[in-house]
file coords_4.txt (compact mmCIF, C-alpha atoms)
# COMPACT_ATOMS: atom_id res chain seq x y z
CA MET L 1 -17.47 36.19 0.66
CA THR L 2 -19.88 37.31 -2.11
CA ARG L 3 -23.64 37.37 -2.19
CA VAL L 4 -26.25 38.29 -4.80
CA SER L 5 -28.61 41.14 -3.92
CA ARG L 6 -32.18 41.51 -5.06
CA ASP L 7 -31.17 43.64 -8.00
CA GLY L 8 -28.87 40.87 -9.24
CA VAL L 9 -25.62 42.59 -8.31
CA ARG L 10 -22.95 40.49 -6.58
CA ARG L 11 -21.73 42.18 -3.41
CA VAL L 12 -18.82 41.29 -1.15
CA ASP L 13 -19.55 40.51 2.49
CA PRO L 14 -16.36 41.73 4.24
CA VAL L 15 -17.36 40.49 7.69
CA ARG L 16 -17.97 36.86 6.76
CA GLY L 17 -14.93 36.84 4.48
CA PHE L 18 -12.73 38.14 7.29
CA VAL L 19 -14.07 35.52 9.71
CA ARG L 20 -13.58 32.62 7.35
CA ARG L 21 -10.17 33.61 6.00
CA PRO L 22 -8.22 33.13 9.29
CA TRP L 23 -9.67 29.66 9.64
CA ARG L 24 -8.59 28.80 6.12
CA LEU L 25 -5.11 30.17 6.74
CA ALA L 26 -4.86 28.18 9.98
CA ALA L 27 -6.04 25.01 8.26
CA GLY L 28 -3.55 25.51 5.43
CA ALA L 29 -0.69 26.20 7.82
CA THR L 30 -1.56 23.10 9.86
CA ALA L 31 -1.71 20.93 6.74
CA LEU L 32 1.65 22.30 5.59
CA ALA L 33 3.23 21.63 9.00
CA VAL L 34 1.93 18.06 9.03
CA ALA L 35 3.21 17.50 5.48
CA VAL L 36 6.68 18.76 6.47
CA VAL L 37 6.79 16.50 9.52
CA VAL L 38 5.71 13.49 7.47
CA ALA L 39 8.07 14.19 4.54
CA PHE L 40 11.15 15.06 6.62
CA PRO L 41 12.19 11.42 7.33
CA LEU L 42 11.93 10.66 3.61
CA TYR L 43 14.04 13.73 2.81
CA TRP L 44 16.63 12.76 5.42
CA MET L 45 16.81 9.22 4.03
CA VAL L 46 17.48 10.45 0.48
CA LEU L 47 19.93 13.07 1.75
CA SER L 48 21.87 10.49 3.77
CA ALA L 49 22.07 8.25 0.70
CA PHE L 50 23.99 11.01 -1.12
CA LYS L 51 26.18 12.04 1.81
CA PRO L 52 29.79 10.87 2.15
CA ALA L 53 30.52 8.48 4.98
CA GLY L 54 32.21 11.16 7.03
CA GLU L 55 29.16 13.44 6.98
CA ILE L 56 26.74 10.65 7.93
CA GLU L 57 28.76 9.79 11.03
CA SER L 58 29.43 13.41 11.97
CA ASP L 59 28.40 14.69 15.41
CA ARG L 60 26.96 17.82 13.77
CA PRO L 61 24.42 16.69 11.18
CA ARG L 62 23.38 19.21 8.54
CA PRO L 63 20.17 19.22 6.47
CA TRP L 64 22.25 19.49 3.27
CA THR L 65 25.51 18.21 1.86
CA PRO L 66 28.12 20.32 0.07
CA ALA L 67 29.68 17.26 -1.58
CA PRO L 68 27.02 14.76 -2.77
CA THR L 69 28.32 11.39 -3.85
CA LEU L 70 26.98 8.18 -5.42
CA ASP L 71 29.31 5.88 -3.50
CA SER L 72 26.48 4.43 -1.40
CA PHE L 73 24.44 3.61 -4.52
CA ARG L 74 27.46 2.03 -6.16
CA SER L 75 27.87 -0.11 -3.06
CA VAL L 76 24.21 -1.15 -3.23
CA PHE L 77 24.17 -2.04 -6.91
CA GLY L 78 27.54 -3.69 -6.55
CA GLN L 79 26.11 -6.36 -4.27
CA GLU L 80 25.96 -9.69 -6.05
CA GLU L 81 22.49 -10.69 -4.83
CA PHE L 82 20.81 -7.27 -4.97
CA GLY L 83 19.29 -7.83 -8.41
CA ARG L 84 17.96 -11.21 -7.30
CA TYR L 85 16.39 -9.65 -4.19
CA PHE L 86 14.75 -6.95 -6.29
CA LEU L 87 13.32 -9.44 -8.78
CA ASN L 88 11.98 -11.65 -5.96
CA SER L 89 10.22 -8.67 -4.37
CA VAL L 90 8.63 -7.77 -7.71
CA VAL L 91 7.39 -11.34 -8.21
CA VAL L 92 5.97 -11.53 -4.69
CA ALA L 93 4.30 -8.11 -4.84
CA VAL L 94 2.73 -8.67 -8.27
CA ALA L 95 1.51 -12.15 -7.32
CA VAL L 96 -0.03 -10.88 -4.07
CA VAL L 97 -1.74 -7.96 -5.81
CA LEU L 98 -3.24 -10.09 -8.58
CA ALA L 99 -4.30 -12.97 -6.33
CA SER L 100 -5.79 -10.79 -3.60
CA ALA L 101 -7.64 -8.59 -6.11
CA LEU L 102 -9.17 -11.56 -7.94
CA ILE L 103 -10.17 -13.49 -4.82
CA ALA L 104 -11.44 -10.37 -3.02
CA PHE L 105 -13.56 -9.36 -6.01
CA LEU L 106 -15.20 -12.77 -6.26
CA ALA L 107 -15.68 -13.04 -2.49
CA ALA L 108 -17.13 -9.52 -2.20
CA THR L 109 -19.54 -10.30 -5.01
CA ALA L 110 -20.59 -13.54 -3.33
CA VAL L 111 -21.26 -12.04 0.11
CA THR L 112 -23.11 -9.07 -1.42
CA ARG L 113 -25.14 -10.53 -4.26
CA PHE L 114 -26.04 -13.93 -2.82
CA ARG L 115 -27.98 -14.93 0.25
CA PHE L 116 -26.74 -18.01 2.08
CA ARG L 117 -26.53 -19.34 5.61
CA MET L 118 -23.90 -17.94 7.98
CA ARG L 119 -23.17 -15.04 5.63
CA THR L 120 -23.04 -12.57 8.53
CA THR L 121 -20.84 -14.95 10.50
CA LEU L 122 -18.44 -15.12 7.58
CA LEU L 123 -18.20 -11.32 7.43
CA ILE L 124 -17.52 -11.16 11.16
CA MET L 125 -14.78 -13.76 10.73
CA PHE L 126 -13.17 -11.48 8.15
CA LEU L 127 -13.09 -8.69 10.71
CA VAL L 128 -11.70 -10.94 13.43
CA ALA L 129 -8.96 -12.20 11.09
CA GLN L 130 -7.97 -8.61 10.36
CA MET L 131 -7.71 -7.77 14.07
CA VAL L 132 -5.24 -10.56 14.88
CA PRO L 133 -1.64 -9.22 15.03
CA VAL L 134 0.64 -10.59 12.35
CA GLU L 135 3.40 -11.19 14.89
CA ALA L 136 1.16 -13.56 16.86
CA LEU L 137 0.72 -15.78 13.79
CA THR L 138 4.32 -15.88 12.63
CA ILE L 139 5.28 -19.03 14.55
CA PRO L 140 2.12 -21.01 13.56
CA LEU L 141 2.67 -19.95 9.95
CA PHE L 142 6.27 -21.06 10.15
CA PHE L 143 5.25 -24.58 11.18
CA LEU L 144 2.51 -24.58 8.55
CA MET L 145 4.96 -23.65 5.80
CA ARG L 146 7.47 -26.18 7.09
CA ASP L 147 4.92 -29.01 7.03
CA ALA L 148 3.83 -27.95 3.54
CA GLY L 149 7.45 -27.94 2.36
CA GLN L 150 7.35 -24.28 1.32
CA LEU L 151 10.15 -22.87 3.45
CA ASN L 152 12.89 -21.11 1.47
CA THR L 153 10.48 -20.55 -1.44
CA LEU L 154 8.65 -17.48 -2.67
CA TRP L 155 5.35 -19.23 -1.93
CA SER L 156 6.08 -18.83 1.76
CA LEU L 157 5.88 -15.07 1.17
CA ILE L 158 3.07 -14.96 -1.38
CA LEU L 159 0.53 -17.10 0.49
CA PRO L 160 0.65 -15.34 3.90
CA HIS L 161 0.53 -11.86 2.37
CA THR L 162 -2.40 -12.82 0.18
CA ALA L 163 -4.25 -14.22 3.20
CA PHE L 164 -3.63 -11.10 5.30
CA SER L 165 -4.67 -8.78 2.46
CA LEU L 166 -8.01 -10.46 1.81
CA PRO L 167 -10.09 -9.37 4.86
CA PHE L 168 -9.52 -5.65 4.26
CA ALA L 169 -9.94 -6.02 0.49
CA ILE L 170 -13.20 -7.95 0.81
CA TRP L 171 -14.71 -5.46 3.24
CA MET L 172 -13.74 -2.51 1.08
CA LEU L 173 -14.92 -4.05 -2.20
CA ARG L 174 -18.18 -5.10 -0.58
CA GLY L 175 -19.24 -1.46 -0.49
CA PHE L 176 -18.44 -0.96 -4.18
CA VAL L 177 -20.32 -4.09 -5.24
CA LYS L 178 -23.27 -3.11 -3.07
CA ALA L 179 -23.40 0.32 -4.70
CA VAL L 180 -24.09 -1.25 -8.12
CA PRO L 181 -27.92 -1.42 -8.42
CA ASP L 182 -29.61 -4.77 -8.89
CA ALA L 183 -31.59 -3.25 -11.75
CA LEU L 184 -28.41 -3.15 -13.81
CA GLU L 185 -27.96 -6.90 -13.46
CA GLU L 186 -31.62 -7.48 -14.26
CA ALA L 187 -31.33 -5.36 -17.39
CA ALA L 188 -28.24 -7.30 -18.46
CA CYS L 189 -30.08 -10.58 -17.96
CA LEU L 190 -33.00 -9.33 -20.07
CA ASP L 191 -30.55 -8.52 -22.83
CA GLY L 192 -29.30 -12.09 -22.78
CA ALA L 193 -26.12 -11.63 -20.76
CA ARG L 194 -25.24 -14.50 -18.45
CA ARG L 195 -24.03 -13.96 -14.92
CA ALA L 196 -20.39 -14.53 -15.85
CA ARG L 197 -20.58 -11.90 -18.59
CA PHE L 198 -22.23 -9.41 -16.23
CA LEU L 199 -19.56 -10.15 -13.64
CA TRP L 200 -16.55 -9.44 -15.85
CA GLN L 201 -17.84 -6.98 -18.45
CA ILE L 202 -20.14 -4.80 -16.32
CA LEU L 203 -19.51 -5.26 -12.60
CA PHE L 204 -15.72 -5.53 -12.77
CA PRO L 205 -15.16 -2.16 -14.55
CA LEU L 206 -17.52 -0.45 -12.08
CA VAL L 207 -15.60 -1.64 -9.01
CA LEU L 208 -12.17 -1.18 -10.60
CA PRO L 209 -11.39 1.98 -8.54
CA GLY L 210 -11.97 -0.04 -5.38
CA LEU L 211 -9.73 -2.80 -6.68
CA VAL L 212 -6.96 -0.28 -7.32
CA ALA L 213 -7.28 1.13 -3.80
CA THR L 214 -7.06 -2.31 -2.19
CA SER L 215 -4.22 -3.29 -4.51
CA VAL L 216 -2.14 -0.38 -3.21
CA PHE L 217 -2.38 -1.66 0.35
CA SER L 218 -1.62 -5.21 -0.78
CA PHE L 219 1.40 -3.99 -2.74
CA LEU L 220 2.79 -2.01 0.21
CA SER L 221 2.32 -4.93 2.58
CA ALA L 222 4.18 -7.34 0.31
CA TRP L 223 6.88 -4.94 -0.88
CA ASN L 224 7.91 -3.64 2.55
CA ASP L 225 7.71 -6.97 4.36
CA PHE L 226 10.65 -7.89 6.53
CA LEU L 227 9.10 -10.19 9.13
CA PHE L 228 8.06 -13.02 6.82
CA ALA L 229 11.15 -12.65 4.64
CA LYS L 230 13.32 -13.07 7.72
CA SER L 231 11.24 -15.91 9.24
CA PHE L 232 10.48 -18.12 6.23
CA ILE L 233 13.64 -17.70 4.09
CA ILE L 234 16.25 -19.31 6.30
CA SER L 235 19.04 -20.90 4.29
CA ASP L 236 18.38 -20.21 0.57
CA THR L 237 19.37 -16.55 0.19
CA SER L 238 18.52 -16.63 -3.52
CA GLN L 239 14.85 -16.60 -2.51
CA SER L 240 15.17 -13.58 -0.20
CA ALA L 241 13.22 -10.36 -0.79
CA LEU L 242 14.54 -6.83 -1.14
CA PRO L 243 14.18 -5.78 2.55
CA MET L 244 16.73 -8.47 3.38
CA ALA L 245 19.29 -6.45 1.40
CA LEU L 246 19.34 -3.97 4.27
CA LEU L 247 20.94 -6.60 6.49
CA VAL L 248 23.92 -6.72 4.13
CA PHE L 249 24.81 -3.15 5.08
CA TYR L 250 23.75 -3.24 8.70
CA LYS L 251 26.37 -4.78 10.94
CA PRO L 252 26.11 -4.32 14.71
CA ASP L 253 29.79 -3.43 15.06
CA ASP L 254 30.22 -1.27 11.96
CA PRO L 255 26.93 -0.40 10.20
CA ASP L 256 27.11 1.16 6.75
CA TRP L 257 24.39 3.79 7.15
CA GLY L 258 25.02 5.17 3.69
CA GLY L 259 24.34 1.76 2.18
CA VAL L 260 21.25 1.30 4.33
CA MET L 261 19.84 4.67 3.26
CA ALA L 262 20.72 4.09 -0.40
CA ALA L 263 19.06 0.66 -0.38
CA SER L 264 16.00 2.15 1.34
CA THR L 265 15.83 4.87 -1.32
CA VAL L 266 15.97 2.28 -4.09
CA MET L 267 13.18 0.36 -2.35
CA THR L 268 11.05 3.51 -2.21
CA VAL L 269 11.29 4.31 -5.94
CA PRO L 270 8.99 1.46 -7.16
CA VAL L 271 6.41 2.44 -4.54
CA LEU L 272 6.41 6.05 -5.78
CA VAL L 273 6.14 4.90 -9.39
CA PHE L 274 3.23 2.63 -8.49
CA PHE L 275 1.46 5.51 -6.73
CA VAL L 276 1.94 7.82 -9.70
CA LEU L 277 0.47 5.24 -12.07
CA VAL L 278 -2.64 4.56 -10.00
CA GLN L 279 -3.14 7.87 -8.16
CA ARG L 280 -6.27 8.91 -10.06
CA ARG L 281 -8.06 5.62 -9.54
CA LEU L 282 -6.76 5.47 -5.98
CA VAL L 283 -8.33 8.81 -5.07
CA SER L 284 -11.64 7.89 -6.69
CA GLY L 285 -11.56 4.49 -5.01
CA LEU L 286 -10.95 5.90 -1.55
CA GLY L 287 -13.58 8.58 -2.18
CA GLY L 288 -16.11 5.92 -3.14
CA ALA L 289 -15.28 3.91 -0.04
CA VAL L 290 -15.81 6.93 2.22
CA LYS L 291 -19.04 7.83 0.47
CA ASP L 292 -20.34 4.30 0.88
call {"tool": "encode", "arguments": {"input": "coords_4.txt", "output": "structure tokens"}}
result
Amino acid sequence: MTRVSRDGVRRVDPVRGFVRRPWRLAAGATALAVAVVVAFPLYWMVLSAFKPAGEIESDRPRPWTPAPTLDSFRSVFGQEEFGRYFLNSVVVAVAVVLASALIAFLAATAVTRFRFRMRTTLLIMFLVAQMVPVEALTIPLFFLMRDAGQLNTLWSLILPHTAFSLPFAIWMLRGFVKAVPDALEEAACLDGARRARFLWQILFPLVLPGLVATSVFSFLSAWNDFLFAKSFIISDTSQSALPMALLVFYKPDDPDWGGVMAASTVMTVPVLVFFVLVQRRLVSGLGGAVKD
């Protein structure tokens, strides 16, 4: 710890530096331990994907493999419908991200910039909708999709995920829209800009970090979904999503754990790529949300 004396010379305070350093070391060690605990399942999944079948089923598991193999990945990519499942998951995830981001942006702007009756009630309804467990709504949604004729279609996955992503996205974007001063809109109006131009050319770029942050959660929800994919895609397997590929390798009598881990690893790669592409805006978006 350094301090500046009256004569302008920087001096080291050994007492305060000694007191603070153990706390920093303890905090760093704790963070490292938590990171190891969180990352270990991911490491074990990738390791199991490269292990031979005999090592995976061994009674003495080891945190390494002396003979890595790609047999599990060959089995995964050799499945006839795997490419179809992957493409369906991409379509569903992209559609959910775009639809939820657009609707949430417009809704957050409406509840923040405009004054209308029952506005507070509408915001409370968003919170209530977010608190309802997804499992409790699966059966009603099944009958709703059946009556609408959307079973065994990708719309039966896109629509529910978009609906469940909206409450969180609207609440989060509401803080970003509220942080934009009204004087900026007034200045744009004085310069001749209409409300639509202000909305898309000024307000939209300012809340883009928040949109990226909410899009990450929407993407994860749609990409990793298994419940809706299992409930709404019943007979037409060509419309199944990627998580359903895990069932191909999991058999109650003789599960192929190597195939399950390899398929899970392949599912994780697009998520990691998505995080790498948006990590800067994601951090700034989450930081803005906390600050608000």
call {"tool": "closest_atom_pairs", "arguments": {"input": "coords_4.txt", "of": "range 49-95 of chain L", "to": "range 259-283 of chain L", "cutoff": "8 Å", "atoms": "only C-alpha atoms", "output": "JSON lines"}}
result
{"residue": "L:Ala49", "atom": "CA", "partner": "L:Ala262", "partner_atom": "CA", "distance": 4.5}
{"residue": "L:Phe50", "atom": "CA", "partner": "L:Ala262", "partner_atom": "CA", "distance": 7.7}
{"residue": "L:Ser72", "atom": "CA", "partner": "L:Gly259", "partner_atom": "CA", "distance": 5.0}
{"residue": "L:Phe73", "atom": "CA", "partner": "L:Ala262", "partner_atom": "CA", "distance": 5.6}
{"residue": "L:Ser75", "atom": "CA", "partner": "L:Gly259", "partner_atom": "CA", "distance": 6.6}
{"residue": "L:Val76", "atom": "CA", "partner": "L:Gly259", "partner_atom": "CA", "distance": 6.1}
call {"tool": "atom_distance", "arguments": {"input": "coords_4.txt", "atom1": "CA of Glu55 in chain L", "atom2": "CA of Val38 in chain L"}}
result
23.5 Å
call {"tool": "atom_distance", "arguments": {"input": "coords_4.txt", "atom1": "CA of Lys178 in chain L", "atom2": "CA of Leu159 in chain L"}}
result
27.8 Å
call {"tool": "atom_distance", "arguments": {"input": "coords_4.txt", "atom1": "CA of Ala35 in chain L", "atom2": "CA of Phe217 in chain L"}}
result
20.6 Å
call {"tool": "residues_around", "arguments": {"input": "coords_4.txt", "residues": "Val128 in chain L", "least_positions_apart": "6", "cutoff": "12 Å", "atoms": "only C-alpha atoms", "output": "VMD selection string"}}
result
chain L and resid 121 to 122 164 167 to 168 171
call {"tool": "closest_residue", "arguments": {"input": "coords_4.txt", "among": "L:Phe198, L:Phe176, L:Phe126, L:Trp223", "to": "Leu157 in chain L", "atoms": "all atoms listed in the file"}}
result
L:Trp223
call {"tool": "residues_around", "arguments": {"input": "coords_4.txt", "residues": "range 232-234 of chain L", "least_positions_apart": "5", "cutoff": "10 Å", "atoms": "only C-alpha atoms", "output": "MDAnalysis selection string"}}
result
chainID L and resid 138:139 141:143 145:146 150:157 227 239:241 244
call {"tool": "residues_near_point", "arguments": {"input": "coords_4.txt", "point": "(-16.7, -2.5, -10.9)", "cutoff": "12 Å", "atoms": "all atoms listed in the file", "output": "short mmCIF file (atom, residue, chain, number, x, y, z; two decimals) with C-alpha atoms, keeping the file's coordinate frame"}}
result
data_model
loop_
_atom_site.label_atom_id
_atom_site.label_comp_id
_atom_site.auth_asym_id
_atom_site.auth_seq_id
_atom_site.Cartn_x
_atom_site.Cartn_y
_atom_site.Cartn_z
CA ALA L 101 -7.64 -8.59 -6.11
CA PHE L 105 -13.56 -9.36 -6.01
CA LEU L 106 -15.20 -12.77 -6.26
CA ALA L 108 -17.13 -9.52 -2.20
CA THR L 109 -19.54 -10.30 -5.01
CA LEU L 173 -14.92 -4.05 -2.20
CA ARG L 174 -18.18 -5.10 -0.58
CA GLY L 175 -19.24 -1.46 -0.49
CA PHE L 176 -18.44 -0.96 -4.18
CA VAL L 177 -20.32 -4.09 -5.24
CA LYS L 178 -23.27 -3.11 -3.07
CA ALA L 179 -23.40 0.32 -4.70
CA VAL L 180 -24.09 -1.25 -8.12
CA PRO L 181 -27.92 -1.42 -8.42
CA PHE L 198 -22.23 -9.41 -16.23
CA LEU L 199 -19.56 -10.15 -13.64
CA TRP L 200 -16.55 -9.44 -15.85
CA GLN L 201 -17.84 -6.98 -18.45
CA ILE L 202 -20.14 -4.80 -16.32
CA LEU L 203 -19.51 -5.26 -12.60
CA PHE L 204 -15.72 -5.53 -12.77
CA PRO L 205 -15.16 -2.16 -14.55
CA LEU L 206 -17.52 -0.45 -12.08
CA VAL L 207 -15.60 -1.64 -9.01
CA LEU L 208 -12.17 -1.18 -10.60
CA PRO L 209 -11.39 1.98 -8.54
CA GLY L 210 -11.97 -0.04 -5.38
CA LEU L 211 -9.73 -2.80 -6.68
CA VAL L 212 -6.96 -0.28 -7.32
CA ARG L 281 -8.06 5.62 -9.54
CA GLY L 285 -11.56 4.49 -5.01
CA GLY L 288 -16.11 5.92 -3.14
#
call {"tool": "residues_around", "arguments": {"input": "coords_4.txt", "residues": "Pro243 in chain L", "least_positions_apart": "2", "cutoff": "8 Å", "atoms": "all atoms listed in the file", "output": "mmCIF file with C-alpha atoms, in the coordinates of the input"}}
result
data_model
loop_
_atom_site.group_PDB
_atom_site.id
_atom_site.type_symbol
_atom_site.label_atom_id
_atom_site.label_comp_id
_atom_site.auth_asym_id
_atom_site.auth_seq_id
_atom_site.Cartn_x
_atom_site.Cartn_y
_atom_site.Cartn_z
ATOM 1 C CA ASN L 224 7.910 -3.640 2.550
ATOM 2 C CA ASP L 225 7.710 -6.970 4.360
ATOM 3 C CA PHE L 226 10.650 -7.890 6.530
ATOM 4 C CA ALA L 229 11.150 -12.650 4.640
ATOM 5 C CA ALA L 241 13.220 -10.360 -0.790
ATOM 6 C CA ALA L 245 19.290 -6.450 1.400
ATOM 7 C CA LEU L 246 19.340 -3.970 4.270
ATOM 8 C CA LEU L 247 20.940 -6.600 6.490
ATOM 9 C CA MET L 267 13.180 0.360 -2.350
#
call {"tool": "residues_around", "arguments": {"input": "coords_4.txt", "residues": "range 129-131 of chain L", "least_positions_apart": "2", "cutoff": "12 Å", "atoms": "all atoms listed in the file", "output": "list in words"}}
result
Leu122, Leu123, Ile124, Met125, Phe126, Leu127, Pro133, Val134, Glu135, Ala136, Leu137, Ala163, Phe164, Ser165, Leu166, Pro167, Phe168, Ala169, Ile170 and Trp171 of chain L
call {"tool": "write_last_selection", "arguments": {"input": "coords_4.txt", "atoms": "C-alpha atoms", "output": "PDB file, keeping the file's coordinate frame"}}
result
ATOM      1  CA  LEU L 122     -18.440 -15.120   7.580  1.00  0.00           C
ATOM      2  CA  LEU L 123     -18.200 -11.320   7.430  1.00  0.00           C
ATOM      3  CA  ILE L 124     -17.520 -11.160  11.160  1.00  0.00           C
ATOM      4  CA  MET L 125     -14.780 -13.760  10.730  1.00  0.00           C
ATOM      5  CA  PHE L 126     -13.170 -11.480   8.150  1.00  0.00           C
ATOM      6  CA  LEU L 127     -13.090  -8.690  10.710  1.00  0.00           C
ATOM      7  CA  PRO L 133      -1.640  -9.220  15.030  1.00  0.00           C
ATOM      8  CA  VAL L 134       0.640 -10.590  12.350  1.00  0.00           C
ATOM      9  CA  GLU L 135       3.400 -11.190  14.890  1.00  0.00           C
ATOM     10  CA  ALA L 136       1.160 -13.560  16.860  1.00  0.00           C
ATOM     11  CA  LEU L 137       0.720 -15.780  13.790  1.00  0.00           C
ATOM     12  CA  ALA L 163      -4.250 -14.220   3.200  1.00  0.00           C
ATOM     13  CA  PHE L 164      -3.630 -11.100   5.300  1.00  0.00           C
ATOM     14  CA  SER L 165      -4.670  -8.780   2.460  1.00  0.00           C
ATOM     15  CA  LEU L 166      -8.010 -10.460   1.810  1.00  0.00           C
ATOM     16  CA  PRO L 167     -10.090  -9.370   4.860  1.00  0.00           C
ATOM     17  CA  PHE L 168      -9.520  -5.650   4.260  1.00  0.00           C
ATOM     18  CA  ALA L 169      -9.940  -6.020   0.490  1.00  0.00           C
ATOM     19  CA  ILE L 170     -13.200  -7.950   0.810  1.00  0.00           C
ATOM     20  CA  TRP L 171     -14.710  -5.460   3.240  1.00  0.00           C
TER      21      TRP L 171
END
call {"tool": "decode", "arguments": {"input": "coords_4.txt", "residues": "range 272-279 of chain L", "atoms": "all heavy atoms", "output": "PDB file, in the first residue's frame"}}
result
ATOM      1  N   LEU L 272     -20.180 -22.053 -26.814  1.00  0.00           N
ATOM      2  CA  LEU L 272     -18.902 -21.404 -26.550  1.00  0.00           C
ATOM      3  C   LEU L 272     -18.564 -20.394 -27.643  1.00  0.00           C
ATOM      4  O   LEU L 272     -18.072 -19.295 -27.356  1.00  0.00           O
ATOM      5  CB  LEU L 272     -17.800 -22.457 -26.443  1.00  0.00           C
ATOM      6  CG  LEU L 272     -17.904 -23.431 -25.265  1.00  0.00           C
ATOM      7  CD1 LEU L 272     -16.756 -24.434 -25.312  1.00  0.00           C
ATOM      8  CD2 LEU L 272     -17.908 -22.690 -23.940  1.00  0.00           C
ATOM      9  N   VAL L 273     -18.816 -20.758 -28.886  1.00  0.00           N
ATOM     10  CA  VAL L 273     -18.560 -19.832 -29.997  1.00  0.00           C
ATOM     11  C   VAL L 273     -19.427 -18.585 -29.866  1.00  0.00           C
ATOM     12  O   VAL L 273     -18.955 -17.448 -30.058  1.00  0.00           O
ATOM     13  CB  VAL L 273     -18.808 -20.533 -31.342  1.00  0.00           C
ATOM     14  CG1 VAL L 273     -18.720 -19.533 -32.498  1.00  0.00           C
ATOM     15  CG2 VAL L 273     -17.809 -21.665 -31.544  1.00  0.00           C
ATOM     16  N   PHE L 274     -20.693 -18.774 -29.504  1.00  0.00           N
ATOM     17  CA  PHE L 274     -21.596 -17.645 -29.334  1.00  0.00           C
ATOM     18  C   PHE L 274     -21.109 -16.727 -28.210  1.00  0.00           C
ATOM     19  O   PHE L 274     -21.149 -15.501 -28.334  1.00  0.00           O
ATOM     20  CB  PHE L 274     -23.004 -18.164 -29.040  1.00  0.00           C
ATOM     21  CG  PHE L 274     -24.049 -17.095 -28.976  1.00  0.00           C
ATOM     22  CD1 PHE L 274     -24.456 -16.417 -30.103  1.00  0.00           C
ATOM     23  CD2 PHE L 274     -24.628 -16.748 -27.767  1.00  0.00           C
ATOM     24  CE1 PHE L 274     -25.423 -15.426 -30.052  1.00  0.00           C
ATOM     25  CE2 PHE L 274     -25.592 -15.767 -27.688  1.00  0.00           C
ATOM     26  CZ  PHE L 274     -25.997 -15.105 -28.836  1.00  0.00           C
ATOM     27  N   PHE L 275     -20.643 -17.304 -27.113  1.00  0.00           N
ATOM     28  CA  PHE L 275     -20.131 -16.510 -26.003  1.00  0.00           C
ATOM     29  C   PHE L 275     -18.889 -15.729 -26.413  1.00  0.00           C
ATOM     30  O   PHE L 275     -18.724 -14.564 -26.036  1.00  0.00           O
ATOM     31  CB  PHE L 275     -19.807 -17.406 -24.813  1.00  0.00           C
ATOM     32  CG  PHE L 275     -20.930 -17.511 -23.825  1.00  0.00           C
ATOM     33  CD1 PHE L 275     -21.774 -18.591 -23.838  1.00  0.00           C
ATOM     34  CD2 PHE L 275     -21.133 -16.514 -22.887  1.00  0.00           C
ATOM     35  CE1 PHE L 275     -22.817 -18.694 -22.934  1.00  0.00           C
ATOM     36  CE2 PHE L 275     -22.165 -16.603 -21.973  1.00  0.00           C
ATOM     37  CZ  PHE L 275     -23.012 -17.694 -21.990  1.00  0.00           C
ATOM     38  N   VAL L 276     -17.998 -16.347 -27.171  1.00  0.00           N
ATOM     39  CA  VAL L 276     -16.786 -15.660 -27.600  1.00  0.00           C
ATOM     40  C   VAL L 276     -17.122 -14.471 -28.492  1.00  0.00           C
ATOM     41  O   VAL L 276     -16.507 -13.394 -28.396  1.00  0.00           O
ATOM     42  CB  VAL L 276     -15.852 -16.643 -28.337  1.00  0.00           C
ATOM     43  CG1 VAL L 276     -14.697 -15.909 -29.000  1.00  0.00           C
ATOM     44  CG2 VAL L 276     -15.311 -17.682 -27.358  1.00  0.00           C
ATOM     45  N   LEU L 277     -18.122 -14.627 -29.343  1.00  0.00           N
ATOM     46  CA  LEU L 277     -18.488 -13.556 -30.271  1.00  0.00           C
ATOM     47  C   LEU L 277     -19.126 -12.365 -29.566  1.00  0.00           C
ATOM     48  O   LEU L 277     -18.955 -11.224 -30.004  1.00  0.00           O
ATOM     49  CB  LEU L 277     -19.440 -14.100 -31.348  1.00  0.00           C
ATOM     50  CG  LEU L 277     -18.849 -15.138 -32.316  1.00  0.00           C
ATOM     51  CD1 LEU L 277     -19.918 -15.641 -33.278  1.00  0.00           C
ATOM     52  CD2 LEU L 277     -17.673 -14.554 -33.092  1.00  0.00           C
ATOM     53  N   VAL L 278     -19.856 -12.609 -28.488  1.00  0.00           N
ATOM     54  CA  VAL L 278     -20.618 -11.534 -27.850  1.00  0.00           C
ATOM     55  C   VAL L 278     -20.101 -11.211 -26.448  1.00  0.00           C
ATOM     56  O   VAL L 278     -20.762 -10.481 -25.718  1.00  0.00           O
ATOM     57  CB  VAL L 278     -22.116 -11.897 -27.780  1.00  0.00           C
ATOM     58  CG1 VAL L 278     -22.670 -12.188 -29.150  1.00  0.00           C
ATOM     59  CG2 VAL L 278     -22.351 -13.091 -26.845  1.00  0.00           C
ATOM     60  N   GLN L 279     -18.935 -11.721 -26.060  1.00  0.00           N
ATOM     61  CA  GLN L 279     -18.503 -11.574 -24.674  1.00  0.00           C
ATOM     62  C   GLN L 279     -18.307 -10.116 -24.271  1.00  0.00           C
ATOM     63  O   GLN L 279     -18.650  -9.728 -23.142  1.00  0.00           O
ATOM     64  CB  GLN L 279     -17.199 -12.352 -24.455  1.00  0.00           C
ATOM     65  CG  GLN L 279     -16.037 -11.892 -25.297  1.00  0.00           C
ATOM     66  CD  GLN L 279     -14.759 -12.630 -24.963  1.00  0.00           C
ATOM     67  OE1 GLN L 279     -14.656 -13.253 -23.922  1.00  0.00           O
ATOM     68  NE2 GLN L 279     -13.766 -12.562 -25.849  1.00  0.00           N
TER      69      GLN L 279
END
